[in-house]
Amino acid sequence: MKYAIQVNCGFTRSMLPVTACRFIEAALEGGNEVIRVFFYHDGVWNGVACPQNPCAEDWPRLAERYRVELVLCVTACENRGLTGATTLLPGFCQGGLGLWTDACLRADRLLVFAD
Amino acid sequence: MRKFLFIMRYSPWPGVIPGECLDMAMTVAAFDQAVSLLFLDDGVLQLQTGQIPPARYRGRVLNPVWDALELYDITTLWVEQESLRQRGLDATRLLRPIQLIRRPDVPDLIAAHDRVVSG
């Protein structure tokens, strides 16, 4: 199964990013493919390097071990004041909605982690 | 062509989420996919006419975006009757003509689409 993953919520409001992280790892270990993880809405906070981020080590590990693409929506970042000066975790990059659409169209299934 | 359904569940302000959902819908539509919108819960407030937001939220008024939807061929809009009724809104006084759907029929509507995005 080829998945496109969208994460809509930040780590301050819910544990969904942790669930997303674990799901992605389990899916990849189970022989599935994750085309891209796209962080939208408040989900873009997950890419910020800060001690309160419960997945601060998990996301970079996923990116390194499985070569998963972790894309923060650049417009959602701007809407929340996350500018070029913000320190992102390793493995994250910024990109546009075209990348999300591309992942949606190539995947068998889109999975949205939203509260 | 894939059928996308965007479920709009948030009130028009103070958040930026409704605008971001519309950005997403219009991007998908620009890639020649079929796009429908479903307004649920507080999302129905986005459709209310005569809204005057506090000055600091003026930039987030979505009315100009609504007019652009037709250019992107996003013409299938659904609103849930029960959400309207719970918020005291009148279906005949919404921003644009929109199809009413009853809550028990929502699962079938969702099942009829290939990609469902909630925001």
# chains A, B, ... in the order shown; residues from 1 in each chain; ligands from 1
>>> closest_atom_pairs(of="chain A", to="chain B", cutoff="8 Å", atoms="only C-alpha atoms", output="tab-separated table")
residue	atom	partner	partner_atom	distance
A:Asn8	CA	B:Gly119	CA	7.7
A:His41	CA	B:Ile17	CA	6.2
A:Ala76	CA	B:Glu20	CA	7.5
A:Asn79	CA	B:Val16	CA	7.5
A:Leu97	CA	B:Met24	CA	6.7
A:Gly98	CA	B:Thr27	CA	7.0
A:Thr101	CA	B:Val28	CA	6.1
A:Cys104	CA	B:Arg115	CA	7.9
A:Leu105	CA	B:Arg2	CA	7.7
A:Arg109	CA	B:Arg115	CA	7.6
A:Leu110	CA	B:Arg115	CA	6.4
A:Val112	CA	B:Val117	CA	6.7
A:Ala114	CA	B:Ser118	CA	7.0
>>> residues_around(residues="Arg22 of chain A", least_positions_apart="6", cutoff="10 Å", atoms="only C-alpha atoms", output="ChimeraX atom specification")
/A:16,28,55,58-59,62
>>> select_by_dssp(residues="chain A", states="strand (DSSP E)", output="ChimeraX atom specification")
/A:2-7,33-39,70-73,92-95,109-113
>>> write_last_selection(atoms="N, CA and C atoms", output="PDB file, in the first residue's frame")
ATOM      1  N   LYS A   2       0.541   2.186  -0.874  1.00  0.00           N
ATOM      2  CA  LYS A   2       1.283   3.452  -0.916  1.00  0.00           C
ATOM      3  C   LYS A   2       0.462   4.529  -0.211  1.00  0.00           C
ATOM      4  N   TYR A   3       1.051   5.130   0.815  1.00  0.00           N
ATOM      5  CA  TYR A   3       0.336   6.124   1.614  1.00  0.00           C
ATOM      6  C   TYR A   3       0.846   7.536   1.348  1.00  0.00           C
ATOM      7  N   ALA A   4      -0.086   8.480   1.349  1.00  0.00           N
ATOM      8  CA  ALA A   4       0.263   9.893   1.500  1.00  0.00           C
ATOM      9  C   ALA A   4      -0.261  10.278   2.877  1.00  0.00           C
ATOM     10  N   ILE A   5       0.577  10.920   3.671  1.00  0.00           N
ATOM     11  CA  ILE A   5       0.178  11.234   5.048  1.00  0.00           C
ATOM     12  C   ILE A   5       0.096  12.754   5.207  1.00  0.00           C
ATOM     13  N   GLN A   6      -0.971  13.192   5.870  1.00  0.00           N
ATOM     14  CA  GLN A   6      -1.108  14.624   6.190  1.00  0.00           C
ATOM     15  C   GLN A   6      -1.265  14.760   7.702  1.00  0.00           C
ATOM     16  N   VAL A   7      -0.482  15.630   8.318  1.00  0.00           N
ATOM     17  CA  VAL A   7      -0.575  15.856   9.763  1.00  0.00           C
ATOM     18  C   VAL A   7      -1.050  17.287   9.982  1.00  0.00           C
ATOM     19  N   GLU A  33       4.674   1.728   1.597  1.00  0.00           N
ATOM     20  CA  GLU A  33       5.459   2.874   1.148  1.00  0.00           C
ATOM     21  C   GLU A  33       4.782   4.155   1.616  1.00  0.00           C
ATOM     22  N   VAL A  34       5.570   5.088   2.112  1.00  0.00           N
ATOM     23  CA  VAL A  34       5.026   6.411   2.449  1.00  0.00           C
ATOM     24  C   VAL A  34       5.634   7.397   1.464  1.00  0.00           C
ATOM     25  N   ILE A  35       4.801   7.908   0.583  1.00  0.00           N
ATOM     26  CA  ILE A  35       5.321   8.779  -0.482  1.00  0.00           C
ATOM     27  C   ILE A  35       5.835  10.080   0.091  1.00  0.00           C
ATOM     28  N   ARG A  36       5.061  10.634   1.019  1.00  0.00           N
ATOM     29  CA  ARG A  36       5.455  11.934   1.575  1.00  0.00           C
ATOM     30  C   ARG A  36       4.612  12.192   2.820  1.00  0.00           C
ATOM     31  N   VAL A  37       5.189  12.876   3.807  1.00  0.00           N
ATOM     32  CA  VAL A  37       4.398  13.340   4.950  1.00  0.00           C
ATOM     33  C   VAL A  37       4.293  14.858   4.813  1.00  0.00           C
ATOM     34  N   PHE A  38       3.064  15.348   4.741  1.00  0.00           N
ATOM     35  CA  PHE A  38       2.844  16.780   4.545  1.00  0.00           C
ATOM     36  C   PHE A  38       2.226  17.358   5.816  1.00  0.00           C
ATOM     37  N   PHE A  39       2.860  18.394   6.347  1.00  0.00           N
ATOM     38  CA  PHE A  39       2.389  19.019   7.580  1.00  0.00           C
ATOM     39  C   PHE A  39       1.659  20.308   7.221  1.00  0.00           C
ATOM     40  N   LEU A  70       9.688  14.721   4.711  1.00  0.00           N
ATOM     41  CA  LEU A  70       8.861  15.452   5.676  1.00  0.00           C
ATOM     42  C   LEU A  70       8.750  16.897   5.210  1.00  0.00           C
ATOM     43  N   VAL A  71       7.571  17.276   4.746  1.00  0.00           N
ATOM     44  CA  VAL A  71       7.407  18.606   4.134  1.00  0.00           C
ATOM     45  C   VAL A  71       6.471  19.468   4.981  1.00  0.00           C
ATOM     46  N   LEU A  72       6.964  20.625   5.404  1.00  0.00           N
ATOM     47  CA  LEU A  72       6.115  21.601   6.099  1.00  0.00           C
ATOM     48  C   LEU A  72       5.573  22.566   5.058  1.00  0.00           C
ATOM     49  N   CYS A  73       4.261  22.807   5.089  1.00  0.00           N
ATOM     50  CA  CYS A  73       3.687  23.736   4.111  1.00  0.00           C
ATOM     51  C   CYS A  73       4.240  25.145   4.364  1.00  0.00           C
ATOM     52  N   PHE A  92      13.413  17.801   7.986  1.00  0.00           N
ATOM     53  CA  PHE A  92      12.252  18.566   7.522  1.00  0.00           C
ATOM     54  C   PHE A  92      12.677  19.555   6.431  1.00  0.00           C
ATOM     55  N   CYS A  93      11.756  19.781   5.494  1.00  0.00           N
ATOM     56  CA  CYS A  93      11.971  20.862   4.544  1.00  0.00           C
ATOM     57  C   CYS A  93      10.631  21.583   4.343  1.00  0.00           C
ATOM     58  N   GLN A  94      10.673  22.728   3.683  1.00  0.00           N
ATOM     59  CA  GLN A  94       9.432  23.452   3.406  1.00  0.00           C
ATOM     60  C   GLN A  94       9.064  23.278   1.941  1.00  0.00           C
ATOM     61  N   GLY A  95       7.758  23.240   1.680  1.00  0.00           N
ATOM     62  CA  GLY A  95       7.324  23.073   0.296  1.00  0.00           C
ATOM     63  C   GLY A  95       5.896  23.538   0.138  1.00  0.00           C
ATOM     64  N   ARG A 109      -3.759   5.619  -0.882  1.00  0.00           N
ATOM     65  CA  ARG A 109      -4.610   6.102   0.199  1.00  0.00           C
ATOM     66  C   ARG A 109      -4.006   7.353   0.837  1.00  0.00           C
ATOM     67  N   LEU A 110      -4.899   8.313   1.115  1.00  0.00           N
ATOM     68  CA  LEU A 110      -4.476   9.513   1.857  1.00  0.00           C
ATOM     69  C   LEU A 110      -4.939   9.351   3.295  1.00  0.00           C
ATOM     70  N   LEU A 111      -4.024   9.537   4.231  1.00  0.00           N
ATOM     71  CA  LEU A 111      -4.381   9.418   5.640  1.00  0.00           C
ATOM     72  C   LEU A 111      -4.159  10.779   6.299  1.00  0.00           C
ATOM     73  N   VAL A 112      -5.226  11.337   6.889  1.00  0.00           N
ATOM     74  CA  VAL A 112      -5.127  12.664   7.504  1.00  0.00           C
ATOM     75  C   VAL A 112      -5.193  12.514   9.024  1.00  0.00           C
ATOM     76  N   PHE A 113      -4.184  13.005   9.704  1.00  0.00           N
ATOM     77  CA  PHE A 113      -4.212  13.021  11.167  1.00  0.00           C
ATOM     78  C   PHE A 113      -4.671  14.404  11.606  1.00  0.00           C
TER      79      PHE A 113
END
>>> atom_distance(atom1="atom CA of Gln48 of chain B", atom2="atom CA of Leu109 of chain B")
22.9 Å
>>> closest_residue(among="A:Tyr66, A:Trp100, A:Phe11, A:Phe23", to="Trp45 of chain A", atoms="only C-alpha atoms")
A:Phe11
>>> closest_residue(among="B:Leu47, B:Leu38, B:Arg93, B:His113", to="Thr76 of chain B", atoms="only C-alpha atoms")
B:Leu38
>>> closest_residue(among="A:Cys77, A:Val48, A:Val18, A:Val68", to="Asn32 of chain A", atoms="only C-alpha atoms")
A:Val68
